[in-house]
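Shown next: target_37.tsv, containing TSV, C-alpha atoms.
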chain	number	residue	atom	x	y	z
A	1	MET	CA	-32.99	39.30	59.69
A	2	GLN	CA	-33.18	42.22	62.13
A	3	THR	CA	-33.68	41.51	65.81
A	4	THR	CA	-34.02	43.78	68.80
A	5	ALA	CA	-32.62	41.25	71.25
A	6	LYS	CA	-29.45	41.95	73.20
A	7	TYR	CA	-27.93	38.80	71.72
A	8	LYS	CA	-28.24	37.41	68.22
A	9	PRO	CA	-30.45	34.32	68.22
A	10	HIS	CA	-28.55	31.08	67.68
A	11	LEU	CA	-30.59	29.39	64.96
A	12	GLU	CA	-29.93	25.85	63.74
A	13	ILE	CA	-32.09	25.28	60.67
A	14	VAL	CA	-32.49	21.70	59.54
A	15	SER	CA	-34.17	20.11	56.54
A	16	ASP	CA	-37.22	18.52	58.13
A	17	ALA	CA	-38.97	17.42	61.32
A	18	GLU	CA	-37.17	14.05	61.42
A	19	THR	CA	-33.78	15.74	61.29
A	20	LEU	CA	-34.93	18.16	63.98
A	21	ALA	CA	-35.79	15.23	66.24
A	22	HIS	CA	-32.37	13.66	65.70
A	23	LYS	CA	-30.66	17.00	66.38
A	24	SER	CA	-32.67	17.25	69.59
A	25	VAL	CA	-31.37	13.87	70.70
A	26	GLU	CA	-27.79	14.90	69.92
A	27	LEU	CA	-28.22	18.04	72.00
A	28	PHE	CA	-29.79	16.09	74.87
A	29	VAL	CA	-27.03	13.47	74.90
A	30	ALA	CA	-24.25	16.07	74.69
A	31	ASP	CA	-25.67	18.16	77.54
A	32	ALA	CA	-26.31	15.06	79.66
A	33	ASN	CA	-22.77	13.78	79.24
A	34	LYS	CA	-21.33	17.23	79.96
A	35	ALA	CA	-23.33	17.68	83.17
A	36	ILE	CA	-22.76	14.15	84.43
A	37	LYS	CA	-19.02	14.45	83.83
A	38	ALA	CA	-18.90	17.81	85.61
A	39	LYS	CA	-21.09	17.13	88.64
A	40	GLY	CA	-22.43	13.58	88.48
A	41	ALA	CA	-26.01	14.48	87.58
A	42	PHE	CA	-28.12	15.92	84.78
A	43	TYR	CA	-31.18	18.03	85.59
A	44	ILE	CA	-33.55	18.28	82.63
A	45	ALA	CA	-37.07	19.66	82.13
A	46	ILE	CA	-39.08	18.67	79.06
A	47	SER	CA	-42.26	19.95	77.44
A	48	GLY	CA	-45.15	18.22	75.73
A	49	GLY	CA	-46.92	18.84	72.46
A	50	HIS	CA	-46.67	17.50	68.93
A	51	THR	CA	-43.19	18.72	68.02
A	52	PRO	CA	-41.16	16.76	70.61
A	53	LYS	CA	-42.99	13.46	70.15
A	54	ARG	CA	-40.51	12.09	67.62
A	55	PHE	CA	-37.62	13.34	69.77
A	56	PHE	CA	-39.03	11.36	72.69
A	57	GLU	CA	-39.39	8.25	70.56
A	58	LEU	CA	-35.76	8.51	69.51
A	59	LEU	CA	-34.62	8.82	73.13
A	60	GLY	CA	-35.91	5.29	73.54
A	61	GLU	CA	-34.41	4.02	70.27
A	62	VAL	CA	-31.05	5.69	69.59
A	63	PRO	CA	-28.21	3.64	71.17
A	64	ARG	CA	-26.30	6.71	72.42
A	65	ALA	CA	-29.39	7.94	74.23
A	66	ARG	CA	-30.35	4.56	75.66
A	67	ALA	CA	-26.77	4.08	76.87
A	68	LEU	CA	-26.78	7.22	79.00
A	69	PRO	CA	-26.44	6.66	82.76
A	70	TRP	CA	-30.11	7.33	83.33
A	71	ASP	CA	-29.72	6.77	87.06
A	72	ARG	CA	-27.86	10.11	87.06
A	73	ILE	CA	-30.66	11.93	85.22
A	74	GLN	CA	-33.33	13.87	87.13
A	75	LEU	CA	-36.33	14.38	84.84
A	76	PHE	CA	-38.87	17.18	85.32
A	77	TRP	CA	-41.63	18.76	83.24
A	78	VAL	CA	-41.89	22.39	82.15
A	79	ASP	CA	-45.68	22.29	82.24
A	80	GLU	CA	-48.65	20.00	82.47
A	81	ARG	CA	-52.35	20.09	81.74
A	82	TYR	CA	-54.45	19.50	84.84
A	83	VAL	CA	-55.57	16.03	83.82
A	84	PRO	CA	-54.92	12.53	85.22
A	85	PRO	CA	-51.49	11.10	84.32
A	86	ASP	CA	-53.12	8.49	82.08
A	87	SER	CA	-55.07	11.08	80.08
A	88	GLN	CA	-54.41	11.44	76.36
A	89	TRP	CA	-53.74	15.15	77.06
A	90	SER	CA	-51.06	14.48	79.69
A	91	ASN	CA	-47.50	15.57	78.89
A	92	TYR	CA	-46.30	12.92	81.33
A	93	LYS	CA	-48.21	10.20	79.47
A	94	LEU	CA	-46.59	11.26	76.19
A	95	ALA	CA	-43.16	10.70	77.72
A	96	ALA	CA	-44.24	7.47	79.40
A	97	ASP	CA	-45.61	6.08	76.15
A	98	THR	CA	-42.59	7.04	74.04
A	99	PHE	CA	-39.39	6.60	76.03
A	100	LEU	CA	-39.66	6.24	79.81
A	101	SER	CA	-40.30	2.51	79.63
A	102	LYS	CA	-37.38	2.02	77.21
A	103	VAL	CA	-34.59	3.64	79.20
A	104	ALA	CA	-33.11	2.68	82.55
A	105	ILE	CA	-34.31	5.68	84.54
A	106	PRO	CA	-35.30	4.89	88.14
A	107	GLN	CA	-38.86	5.85	88.98
A	108	VAL	CA	-37.60	8.04	91.82
A	109	ASN	CA	-35.82	10.19	89.22
A	110	VAL	CA	-39.05	10.90	87.33
A	111	HIS	CA	-40.68	14.02	88.77
A	112	ARG	CA	-43.99	14.56	87.03
A	113	ILE	CA	-46.20	17.51	87.90
A	114	PRO	CA	-48.90	16.16	90.26
A	115	THR	CA	-52.48	16.71	89.11
A	116	GLU	CA	-54.46	14.53	91.50
A	117	ASP	CA	-55.50	17.13	94.09
A	118	SER	CA	-58.65	19.17	93.55
A	119	ASP	CA	-56.77	22.19	94.87
A	120	PHE	CA	-54.39	23.38	92.15
A	121	LEU	CA	-52.29	25.35	94.61
A	122	ILE	CA	-51.54	22.24	96.67
A	123	SER	CA	-50.18	20.57	93.53
A	124	VAL	CA	-48.08	23.63	92.70
A	125	ARG	CA	-46.57	23.76	96.18
A	126	TYR	CA	-45.84	20.02	96.08
A	127	TYR	CA	-44.03	20.38	92.76
A	128	GLU	CA	-42.02	23.32	94.08
A	129	LYS	CA	-41.14	21.28	97.17
A	130	THR	CA	-40.00	18.38	94.99
A	131	ILE	CA	-37.80	20.67	92.89
A	132	ARG	CA	-36.18	22.20	95.97
A	133	GLU	CA	-35.56	18.80	97.54
A	134	VAL	CA	-34.06	17.22	94.41
A	135	PHE	CA	-31.83	20.23	93.74
A	136	GLY	CA	-31.00	20.62	97.44
A	137	LEU	CA	-32.02	24.26	97.39
A	138	PRO	CA	-32.15	26.24	100.61
A	139	GLY	CA	-34.41	29.24	101.08
A	140	LYS	CA	-35.72	31.04	98.01
A	141	GLN	CA	-32.99	30.08	95.56
A	142	THR	CA	-33.91	29.34	91.95
A	143	PRO	CA	-32.91	25.96	90.49
A	144	GLU	CA	-30.45	25.89	87.61
A	145	PHE	CA	-31.52	23.20	85.19
A	146	ASP	CA	-28.78	21.91	82.91
A	147	LEU	CA	-31.21	21.84	80.00
A	148	ILE	CA	-34.81	22.91	79.43
A	149	MET	CA	-36.49	21.72	76.24
A	150	LEU	CA	-39.21	24.09	75.03
A	151	GLY	CA	-41.50	24.58	72.09
A	152	MET	CA	-43.33	27.64	70.79
A	153	GLY	CA	-47.03	27.92	70.10
A	154	VAL	CA	-48.56	29.65	67.09
A	155	GLU	CA	-49.35	32.70	69.22
A	156	GLY	CA	-45.86	32.96	70.74
A	157	HIS	CA	-46.26	31.12	74.03
A	158	THR	CA	-43.80	28.68	75.53
A	159	GLY	CA	-44.41	26.15	78.27
A	160	SER	CA	-47.84	27.19	79.55
A	161	LEU	CA	-46.89	30.85	79.72
A	162	PHE	CA	-49.77	32.16	77.64
A	163	SER	CA	-50.31	35.66	76.31
A	164	ASN	CA	-51.91	38.02	78.84
A	165	SER	CA	-51.94	35.40	81.63
A	166	TYR	CA	-50.89	36.03	85.21
A	167	ALA	CA	-48.12	33.45	84.81
A	168	CYS	CA	-46.19	35.92	82.67
A	169	PHE	CA	-45.92	38.23	85.69
A	170	ASP	CA	-45.07	35.65	88.37
A	171	THR	CA	-41.47	36.21	89.40
A	172	LYS	CA	-41.70	34.87	92.97
A	173	ASP	CA	-42.65	31.23	92.49
A	174	LEU	CA	-40.94	28.30	90.80
A	175	ALA	CA	-44.24	27.10	89.37
A	176	CYS	CA	-47.72	28.53	89.10
A	177	VAL	CA	-51.25	27.68	88.07
A	178	VAL	CA	-52.46	28.85	84.66
A	179	TYR	CA	-56.23	29.22	84.55
A	180	VAL	CA	-57.48	28.92	80.97
A	181	LEU	CA	-60.94	29.92	79.73
A	182	ASP	CA	-62.87	28.89	76.63
A	183	GLU	CA	-63.09	25.22	77.61
A	184	LYS	CA	-59.35	24.66	77.39
A	185	LEU	CA	-57.52	22.78	80.11
A	186	ASN	CA	-55.99	24.51	83.12
A	187	ARG	CA	-52.23	24.06	83.53
A	188	ILE	CA	-49.30	24.17	85.89
A	189	THR	CA	-46.10	25.67	84.49
A	190	LEU	CA	-42.60	26.59	85.54
A	191	THR	CA	-42.27	30.36	85.74
A	192	HIS	CA	-40.02	32.37	83.46
A	193	PRO	CA	-37.35	33.07	86.15
A	194	VAL	CA	-36.82	29.30	86.33
A	195	LEU	CA	-36.56	29.06	82.54
A	196	CYS	CA	-34.08	31.94	82.39
A	197	ALA	CA	-31.91	30.43	85.15
A	198	ALA	CA	-31.19	27.28	83.12
A	199	SER	CA	-27.67	26.67	81.84
A	200	HIS	CA	-29.02	25.86	78.38
A	201	LEU	CA	-32.42	26.08	76.71
A	202	ALA	CA	-33.52	24.54	73.43
A	203	VAL	CA	-36.59	25.79	71.55
A	204	LEU	CA	-37.94	23.31	69.00
A	205	VAL	CA	-39.98	24.85	66.19
A	206	SER	CA	-41.42	22.73	63.39
A	207	GLY	CA	-43.98	23.16	60.62
A	208	GLY	CA	-45.11	25.82	58.21
A	209	GLU	CA	-47.86	26.99	60.56
A	210	LYS	CA	-45.11	28.38	62.83
A	211	ALA	CA	-43.36	30.38	60.07
A	212	GLY	CA	-45.27	33.63	60.59
A	213	ILE	CA	-45.04	33.69	64.38
A	214	LEU	CA	-41.36	32.74	64.31
A	215	LYS	CA	-40.58	35.72	62.09
A	216	GLU	CA	-42.68	38.03	64.25
A	217	VAL	CA	-41.09	36.83	67.50
A	218	LEU	CA	-37.54	37.14	66.18
A	219	THR	CA	-37.96	40.60	64.66
A	220	SER	CA	-40.42	42.48	66.88
A	221	GLU	CA	-39.70	44.52	69.98
A	222	PRO	CA	-39.64	42.24	73.05
A	223	ASP	CA	-43.10	42.06	74.60
A	224	GLU	CA	-43.43	39.27	77.18
A	225	VAL	CA	-47.16	39.81	77.60
A	226	ARG	CA	-48.00	39.51	73.90
A	227	TYR	CA	-45.30	36.95	73.13
A	228	PRO	CA	-44.35	35.14	76.36
A	229	ILE	CA	-41.36	33.49	74.70
A	230	HIS	CA	-39.77	36.95	74.76
A	231	ALA	CA	-39.13	36.27	78.45
A	232	LEU	CA	-36.05	34.42	77.17
A	233	TRP	CA	-34.60	37.50	75.47
A	234	PRO	CA	-32.37	38.56	78.40
A	235	VAL	CA	-30.69	35.13	78.23
A	236	LEU	CA	-30.83	34.58	74.49
A	237	ASP	CA	-27.15	33.69	74.49
A	238	LYS	CA	-28.11	30.46	76.31
A	239	VAL	CA	-30.88	29.52	73.87
A	240	THR	CA	-30.48	27.15	70.92
A	241	TRP	CA	-33.28	27.36	68.36
A	242	LEU	CA	-33.79	24.10	66.47
A	243	ILE	CA	-35.96	24.91	63.48
A	244	ASP	CA	-37.00	22.93	60.42
A	245	LYS	CA	-37.10	24.55	56.96
A	246	GLN	CA	-40.88	24.82	56.90
A	247	ALA	CA	-40.91	26.86	60.10
A	248	ALA	CA	-37.95	28.92	58.91
A	249	LYS	CA	-39.31	29.80	55.47
A	250	ALA	CA	-40.26	33.38	56.42
A	251	ILE	CA	-36.94	34.39	58.01

How does the structure come out when it is put into structure tokens?
Amino acid sequence: MQTTAKYKPHLEIVSDAETLAHKSVELFVADANKAIKAKGAFYIAISGGHTPKRFFELLGEVPRARALPWDRIQLFWVDERYVPPDSQWSNYKLAADTFLSKVAIPQVNVHRIPTEDSDFLISVRYYEKTIREVFGLPGKQTPEFDLIMLGMGVEGHTGSLFSNSYACFDTKDLACVVYVLDEKLNRITLTHPVLCAASHLAVLVSGGEKAGILKEVLTSEPDEVRYPIHALWPVLDKVTWLIDKQAAKAI
């Protein structure tokens, strides 16, 4: 496989989606223990979607995950659809339904993206304020998450950084609004400078429908507008790709 990235992608290819979910839990637990041992806290941002659902379920089932000191874990979201938190489309609801009620995380450590205000920008500013307060960030500093869990869409997006959207160009804010046409739901997403500042990122890719885009993303010239996940290319040495065999069949 040829790649134009500065660093060679670190690919971990596993047999199937179930194994991918278990590998995701192992990575989560290892990074959490490492961060908590080093500084007493673990700052994590998760995504929604179909691929991480089983991973979330296992967080609430696997003994090593349940036994983590969840009171030391600060949980954030990479992105969220602008829907109520009890909506079937809510990334927060997916986490709440799968693992939040099964682990001992204090409610004050759960920092969902607010979607109640009719003004999207108010919600964005509130989320930024929450991030800065929890991280204790002065001024314009960018937070350094210990781990950010991402996926990749069939057109090469990650989080809610969509192709040709303004969010791909926002380098000033920690989070921004993503206005989506064609009857899709508007979003709020962390910006790519926040993603790139993380200590570790994991990209979960599962299913044969992702095989073509995965090959294209890994072998084409970096183009953040066409393939927003290419925003990670300058920090590819910090990215772990967890891929099942169906998604990897073209590489």

| task | Compile the contact shell of Ala41 of chain A as number ranges by chain: residues with an atom at most 8 Å away, counting only C-alpha atoms, same-chain residues fewer than 6 positions apart removed. | result | A: 32, 35, 72-74

I need the residues from that last selection saved to file as a compact mmCIF listing (two decimals), in the coordinates of the input (with C-alpha atoms), if you can.
# COMPACT_ATOMS: atom_id res chain seq x y z
CA ALA A 32 -26.31 15.06 79.66
CA ALA A 35 -23.33 17.68 83.17
CA ARG A 72 -27.86 10.11 87.06
CA ILE A 73 -30.66 11.93 85.22
CA GLN A 74 -33.33 13.87 87.13

| task | Work out how far apart atom CA of Asp79 of chain A and atom CA of Ser47 of chain A are and give it in Å to one decimal. | result | 6.3 Å

| task | Could you check which of A:Leu100, A:Val78, A:Val110, A:Val29 is closest to Phe56 of chain A, using only C-alpha atoms? | result | A:Leu100

| message | Counting only C-alpha atoms, which residues sit no farther than 12 Å from the position (-32.9, 19.8, 60.0) in the file's frame? I'd like them as a PyMOL selection string. | response | chain A and resi 11-24+204-207+241-248

Output C-alpha atoms for every residue in that selection, as an mmCIF file, keeping the file's coordinate frame.
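Written out: result.cif:
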data_model
loop_
_atom_site.group_PDB
_atom_site.id
_atom_site.type_symbol
_atom_site.label_atom_id
_atom_site.label_comp_id
_atom_site.auth_asym_id
_atom_site.auth_seq_id
_atom_site.Cartn_x
_atom_site.Cartn_y
_atom_site.Cartn_z
ATOM 1 C CA LEU A 11 -30.590 29.390 64.960
ATOM 2 C CA GLU A 12 -29.930 25.850 63.740
ATOM 3 C CA ILE A 13 -32.090 25.280 60.670
ATOM 4 C CA VAL A 14 -32.490 21.700 59.540
ATOM 5 C CA SER A 15 -34.170 20.110 56.540
ATOM 6 C CA ASP A 16 -37.220 18.520 58.130
ATOM 7 C CA ALA A 17 -38.970 17.420 61.320
ATOM 8 C CA GLU A 18 -37.170 14.050 61.420
ATOM 9 C CA THR A 19 -33.780 15.740 61.290
ATOM 10 C CA LEU A 20 -34.930 18.160 63.980
ATOM 11 C CA ALA A 21 -35.790 15.230 66.240
ATOM 12 C CA HIS A 22 -32.370 13.660 65.700
ATOM 13 C CA LYS A 23 -30.660 17.000 66.380
ATOM 14 C CA SER A 24 -32.670 17.250 69.590
ATOM 15 C CA LEU A 204 -37.940 23.310 69.000
ATOM 16 C CA VAL A 205 -39.980 24.850 66.190
ATOM 17 C CA SER A 206 -41.420 22.730 63.390
ATOM 18 C CA GLY A 207 -43.980 23.160 60.620
ATOM 19 C CA TRP A 241 -33.280 27.360 68.360
ATOM 20 C CA LEU A 242 -33.790 24.100 66.470
ATOM 21 C CA ILE A 243 -35.960 24.910 63.480
ATOM 22 C CA ASP A 244 -37.000 22.930 60.420
ATOM 23 C CA LYS A 245 -37.100 24.550 56.960
ATOM 24 C CA GLN A 246 -40.880 24.820 56.900
ATOM 25 C CA ALA A 247 -40.910 26.860 60.100
ATOM 26 C CA ALA A 248 -37.950 28.920 58.910
#

Residue neighbourhood Gly212 of chain A, 9 Å, all atoms listed in the file, exclusion window fewer than 2 positions, as a compact mmCIF listing (two decimals) with C-alpha atoms, keeping the file's coordinate frame:
# COMPACT_ATOMS: atom_id res chain seq x y z
CA VAL A 154 -48.56 29.65 67.09
CA GLY A 208 -45.11 25.82 58.21
CA GLU A 209 -47.86 26.99 60.56
CA LYS A 210 -45.11 28.38 62.83
CA LEU A 214 -41.36 32.74 64.31
CA LYS A 215 -40.58 35.72 62.09
CA GLU A 216 -42.68 38.03 64.25
CA VAL A 217 -41.09 36.83 67.50
CA ALA A 247 -40.91 26.86 60.10
CA ALA A 248 -37.95 28.92 58.91
CA LYS A 249 -39.31 29.80 55.47
CA ALA A 250 -40.26 33.38 56.42
CA ILE A 251 -36.94 34.39 58.01

Per-residue nearest contacts segment 106-199 of chain A to segment 81-93 of chain A, cut-off 12 Å, using all atoms listed in the file, as a Markdown table:
| residue | atom | partner | partner_atom | distance |
| --- | --- | --- | --- | --- |
| A:Val110 | CA | A:Tyr92 | CA | 9.6 |
| A:His111 | CA | A:Tyr92 | CA | 9.4 |
| A:Arg112 | CA | A:Tyr92 | CA | 6.4 |
| A:Ile113 | CA | A:Tyr92 | CA | 8.0 |
| A:Pro114 | CA | A:Pro85 | CA | 8.2 |
| A:Thr115 | CA | A:Tyr82 | CA | 5.5 |
| A:Glu116 | CA | A:Pro84 | CA | 6.6 |
| A:Asp117 | CA | A:Tyr82 | CA | 9.6 |
| A:Ser118 | CA | A:Tyr82 | CA | 9.7 |
| A:Asp119 | CA | A:Tyr82 | CA | 10.6 |
| A:Phe120 | CA | A:Tyr82 | CA | 8.3 |
| A:Leu121 | CA | A:Tyr82 | CA | 11.6 |
| A:Ser123 | CA | A:Tyr82 | CA | 9.7 |
| A:Val124 | CA | A:Tyr82 | CA | 10.9 |
| A:Gly159 | CA | A:Arg81 | CA | 10.6 |
| A:Ser160 | CA | A:Arg81 | CA | 8.7 |
| A:Val177 | CA | A:Tyr82 | CA | 9.4 |
| A:Val178 | CA | A:Arg81 | CA | 9.2 |
| A:Tyr179 | CA | A:Tyr82 | CA | 9.9 |
| A:Val180 | CA | A:Arg81 | CA | 10.2 |
| A:Lys184 | CA | A:Arg81 | CA | 9.4 |
| A:Leu185 | CA | A:Arg81 | CA | 6.1 |
| A:Asn186 | CA | A:Tyr82 | CA | 5.5 |
| A:Arg187 | CA | A:Arg81 | CA | 4.4 |
| A:Ile188 | CA | A:Arg81 | CA | 6.6 |
| A:Thr189 | CA | A:Arg81 | CA | 8.8 |

| task | One decimal, Å: what's the distance from atom CA of Lys102 of chain A over to atom CA of Gly60 of chain A, could you say? | result |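 Those two atoms sit 5.1 Å apart.
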
| field | Selection: 12 Å around Cys196 of chain A, all atoms listed in the file, excl. self and same-chain fewer than 6 positions, as a PyMOL selection string | value | chain A and resi 142-148+150+171+174+190+202+229-239

| message | Counting all atoms listed in the file, which residue out of A:Leu195, A:Ile46, A:Met152, A:Leu59 sits closest to Ser101 of chain A? | response | A:Leu59

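From atom CA of Gly139 of chain A back to atom CA of Pro106 of chain A, the distance works out to 27.6 Å.
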
| Distance criterion (all atoms listed in the file): nearest to Gln107 of chain A out of A:Pro138, A:Asp71, A:Leu181, A:Thr130 | A:Asp71

| Closest of A:Leu201, A:Pro228, A:Lys53, A:Leu75 to His10 of chain A - atom-to-atom distances counting all atoms listed in the file |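 Of A:Leu201, A:Pro228, A:Lys53, A:Leu75, the one nearest His10 of chain A is A:Leu201, counting all atoms listed in the file.
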
Could you get me a file of segment 119-129 of chain A with all heavy atoms, as a PDB file, in the first residue's frame, taken from the block above?
ATOM      1  N   ASP A 119     -30.756  28.733  19.546  1.00  0.00           N
ATOM      2  CA  ASP A 119     -29.591  29.364  18.918  1.00  0.00           C
ATOM      3  C   ASP A 119     -28.410  28.402  18.986  1.00  0.00           C
ATOM      4  O   ASP A 119     -27.856  28.152  20.054  1.00  0.00           O
ATOM      5  CB  ASP A 119     -29.260  30.674  19.647  1.00  0.00           C
ATOM      6  CG  ASP A 119     -28.172  31.483  18.952  1.00  0.00           C
ATOM      7  OD1 ASP A 119     -27.323  30.880  18.260  1.00  0.00           O
ATOM      8  OD2 ASP A 119     -28.161  32.714  19.110  1.00  0.00           O
ATOM      9  N   PHE A 120     -28.014  27.862  17.841  1.00  0.00           N
ATOM     10  CA  PHE A 120     -26.918  26.899  17.814  1.00  0.00           C
ATOM     11  C   PHE A 120     -25.635  27.468  18.396  1.00  0.00           C
ATOM     12  O   PHE A 120     -24.875  26.756  19.056  1.00  0.00           O
ATOM     13  CB  PHE A 120     -26.637  26.447  16.377  1.00  0.00           C
ATOM     14  CG  PHE A 120     -27.763  25.716  15.712  1.00  0.00           C
ATOM     15  CD1 PHE A 120     -27.748  25.506  14.346  1.00  0.00           C
ATOM     16  CD2 PHE A 120     -28.844  25.234  16.438  1.00  0.00           C
ATOM     17  CE1 PHE A 120     -28.780  24.821  13.716  1.00  0.00           C
ATOM     18  CE2 PHE A 120     -29.871  24.555  15.819  1.00  0.00           C
ATOM     19  CZ  PHE A 120     -29.850  24.349  14.459  1.00  0.00           C
ATOM     20  N   LEU A 121     -25.383  28.736  18.136  1.00  0.00           N
ATOM     21  CA  LEU A 121     -24.122  29.329  18.575  1.00  0.00           C
ATOM     22  C   LEU A 121     -24.026  29.410  20.099  1.00  0.00           C
ATOM     23  O   LEU A 121     -22.942  29.292  20.672  1.00  0.00           O
ATOM     24  CB  LEU A 121     -23.941  30.722  17.963  1.00  0.00           C
ATOM     25  CG  LEU A 121     -23.741  30.742  16.449  1.00  0.00           C
ATOM     26  CD1 LEU A 121     -23.615  32.178  15.941  1.00  0.00           C
ATOM     27  CD2 LEU A 121     -22.493  29.944  16.065  1.00  0.00           C
ATOM     28  N   ILE A 122     -25.163  29.593  20.759  1.00  0.00           N
ATOM     29  CA  ILE A 122     -25.166  29.599  22.224  1.00  0.00           C
ATOM     30  C   ILE A 122     -24.740  28.227  22.737  1.00  0.00           C
ATOM     31  O   ILE A 122     -23.943  28.109  23.671  1.00  0.00           O
ATOM     32  CB  ILE A 122     -26.556  29.988  22.765  1.00  0.00           C
ATOM     33  CG1 ILE A 122     -26.822  31.472  22.502  1.00  0.00           C
ATOM     34  CG2 ILE A 122     -26.664  29.675  24.258  1.00  0.00           C
ATOM     35  CD1 ILE A 122     -28.201  31.939  22.921  1.00  0.00           C
ATOM     36  N   SER A 123     -25.243  27.172  22.107  1.00  0.00           N
ATOM     37  CA  SER A 123     -24.872  25.815  22.514  1.00  0.00           C
ATOM     38  C   SER A 123     -23.392  25.553  22.277  1.00  0.00           C
ATOM     39  O   SER A 123     -22.712  24.942  23.105  1.00  0.00           O
ATOM     40  CB  SER A 123     -25.715  24.794  21.741  1.00  0.00           C
ATOM     41  OG  SER A 123     -27.075  24.897  22.114  1.00  0.00           O
ATOM     42  N   VAL A 124     -22.876  26.016  21.140  1.00  0.00           N
ATOM     43  CA  VAL A 124     -21.454  25.849  20.849  1.00  0.00           C
ATOM     44  C   VAL A 124     -20.599  26.551  21.892  1.00  0.00           C
ATOM     45  O   VAL A 124     -19.630  25.968  22.408  1.00  0.00           O
ATOM     46  CB  VAL A 124     -21.117  26.381  19.439  1.00  0.00           C
ATOM     47  CG1 VAL A 124     -19.614  26.560  19.281  1.00  0.00           C
ATOM     48  CG2 VAL A 124     -21.621  25.430  18.379  1.00  0.00           C
ATOM     49  N   ARG A 125     -20.938  27.764  22.212  1.00  0.00           N
ATOM     50  CA  ARG A 125     -20.140  28.528  23.190  1.00  0.00           C
ATOM     51  C   ARG A 125     -20.220  27.878  24.579  1.00  0.00           C
ATOM     52  O   ARG A 125     -19.240  27.870  25.326  1.00  0.00           O
ATOM     53  CB  ARG A 125     -20.601  29.990  23.247  1.00  0.00           C
ATOM     54  CG  ARG A 125     -20.419  30.723  21.932  1.00  0.00           C
ATOM     55  CD  ARG A 125     -18.956  30.814  21.500  1.00  0.00           C
ATOM     56  NE  ARG A 125     -18.827  31.196  20.106  1.00  0.00           N
ATOM     57  CZ  ARG A 125     -18.323  30.437  19.148  1.00  0.00           C
ATOM     58  NH1 ARG A 125     -17.911  29.217  19.434  1.00  0.00           N
ATOM     59  NH2 ARG A 125     -18.236  30.876  17.915  1.00  0.00           N
ATOM     60  N   TYR A 126     -21.384  27.347  24.917  1.00  0.00           N
ATOM     61  CA  TYR A 126     -21.519  26.670  26.209  1.00  0.00           C
ATOM     62  C   TYR A 126     -20.624  25.435  26.255  1.00  0.00           C
ATOM     63  O   TYR A 126     -19.963  25.168  27.268  1.00  0.00           O
ATOM     64  CB  TYR A 126     -22.979  26.286  26.454  1.00  0.00           C
ATOM     65  CG  TYR A 126     -23.204  25.649  27.810  1.00  0.00           C
ATOM     66  CD1 TYR A 126     -23.476  26.437  28.929  1.00  0.00           C
ATOM     67  CD2 TYR A 126     -23.131  24.262  27.978  1.00  0.00           C
ATOM     68  CE1 TYR A 126     -23.666  25.857  30.179  1.00  0.00           C
ATOM     69  CE2 TYR A 126     -23.321  23.678  29.216  1.00  0.00           C
ATOM     70  CZ  TYR A 126     -23.581  24.476  30.316  1.00  0.00           C
ATOM     71  OH  TYR A 126     -23.753  23.905  31.539  1.00  0.00           O
ATOM     72  N   TYR A 127     -20.601  24.689  25.176  1.00  0.00           N
ATOM     73  CA  TYR A 127     -19.765  23.479  25.138  1.00  0.00           C
ATOM     74  C   TYR A 127     -18.292  23.849  25.220  1.00  0.00           C
ATOM     75  O   TYR A 127     -17.527  23.198  25.946  1.00  0.00           O
ATOM     76  CB  TYR A 127     -20.055  22.686  23.863  1.00  0.00           C
ATOM     77  CG  TYR A 127     -19.480  21.279  23.883  1.00  0.00           C
ATOM     78  CD1 TYR A 127     -19.691  20.421  24.960  1.00  0.00           C
ATOM     79  CD2 TYR A 127     -18.749  20.785  22.803  1.00  0.00           C
ATOM     80  CE1 TYR A 127     -19.182  19.129  24.973  1.00  0.00           C
ATOM     81  CE2 TYR A 127     -18.231  19.489  22.799  1.00  0.00           C
ATOM     82  CZ  TYR A 127     -18.454  18.674  23.888  1.00  0.00           C
ATOM     83  OH  TYR A 127     -17.945  17.387  23.903  1.00  0.00           O
ATOM     84  N   GLU A 128     -17.892  24.883  24.505  1.00  0.00           N
ATOM     85  CA  GLU A 128     -16.504  25.350  24.591  1.00  0.00           C
ATOM     86  C   GLU A 128     -16.166  25.772  26.020  1.00  0.00           C
ATOM     87  O   GLU A 128     -15.089  25.463  26.531  1.00  0.00           O
ATOM     88  CB  GLU A 128     -16.273  26.517  23.641  1.00  0.00           C
ATOM     89  CG  GLU A 128     -16.172  26.140  22.184  1.00  0.00           C
ATOM     90  CD  GLU A 128     -15.580  27.252  21.334  1.00  0.00           C
ATOM     91  OE1 GLU A 128     -15.635  28.427  21.765  1.00  0.00           O
ATOM     92  OE2 GLU A 128     -15.046  26.947  20.245  1.00  0.00           O
ATOM     93  N   LYS A 129     -17.094  26.491  26.652  1.00  0.00           N
ATOM     94  CA  LYS A 129     -16.882  26.940  28.029  1.00  0.00           C
ATOM     95  C   LYS A 129     -16.717  25.741  28.969  1.00  0.00           C
ATOM     96  O   LYS A 129     -15.836  25.739  29.843  1.00  0.00           O
ATOM     97  CB  LYS A 129     -18.055  27.812  28.473  1.00  0.00           C
ATOM     98  CG  LYS A 129     -17.965  28.362  29.895  1.00  0.00           C
ATOM     99  CD  LYS A 129     -19.110  29.343  30.145  1.00  0.00           C
ATOM    100  CE  LYS A 129     -19.062  29.916  31.553  1.00  0.00           C
ATOM    101  NZ  LYS A 129     -19.485  28.932  32.573  1.00  0.00           N
TER     102      LYS A 129
END
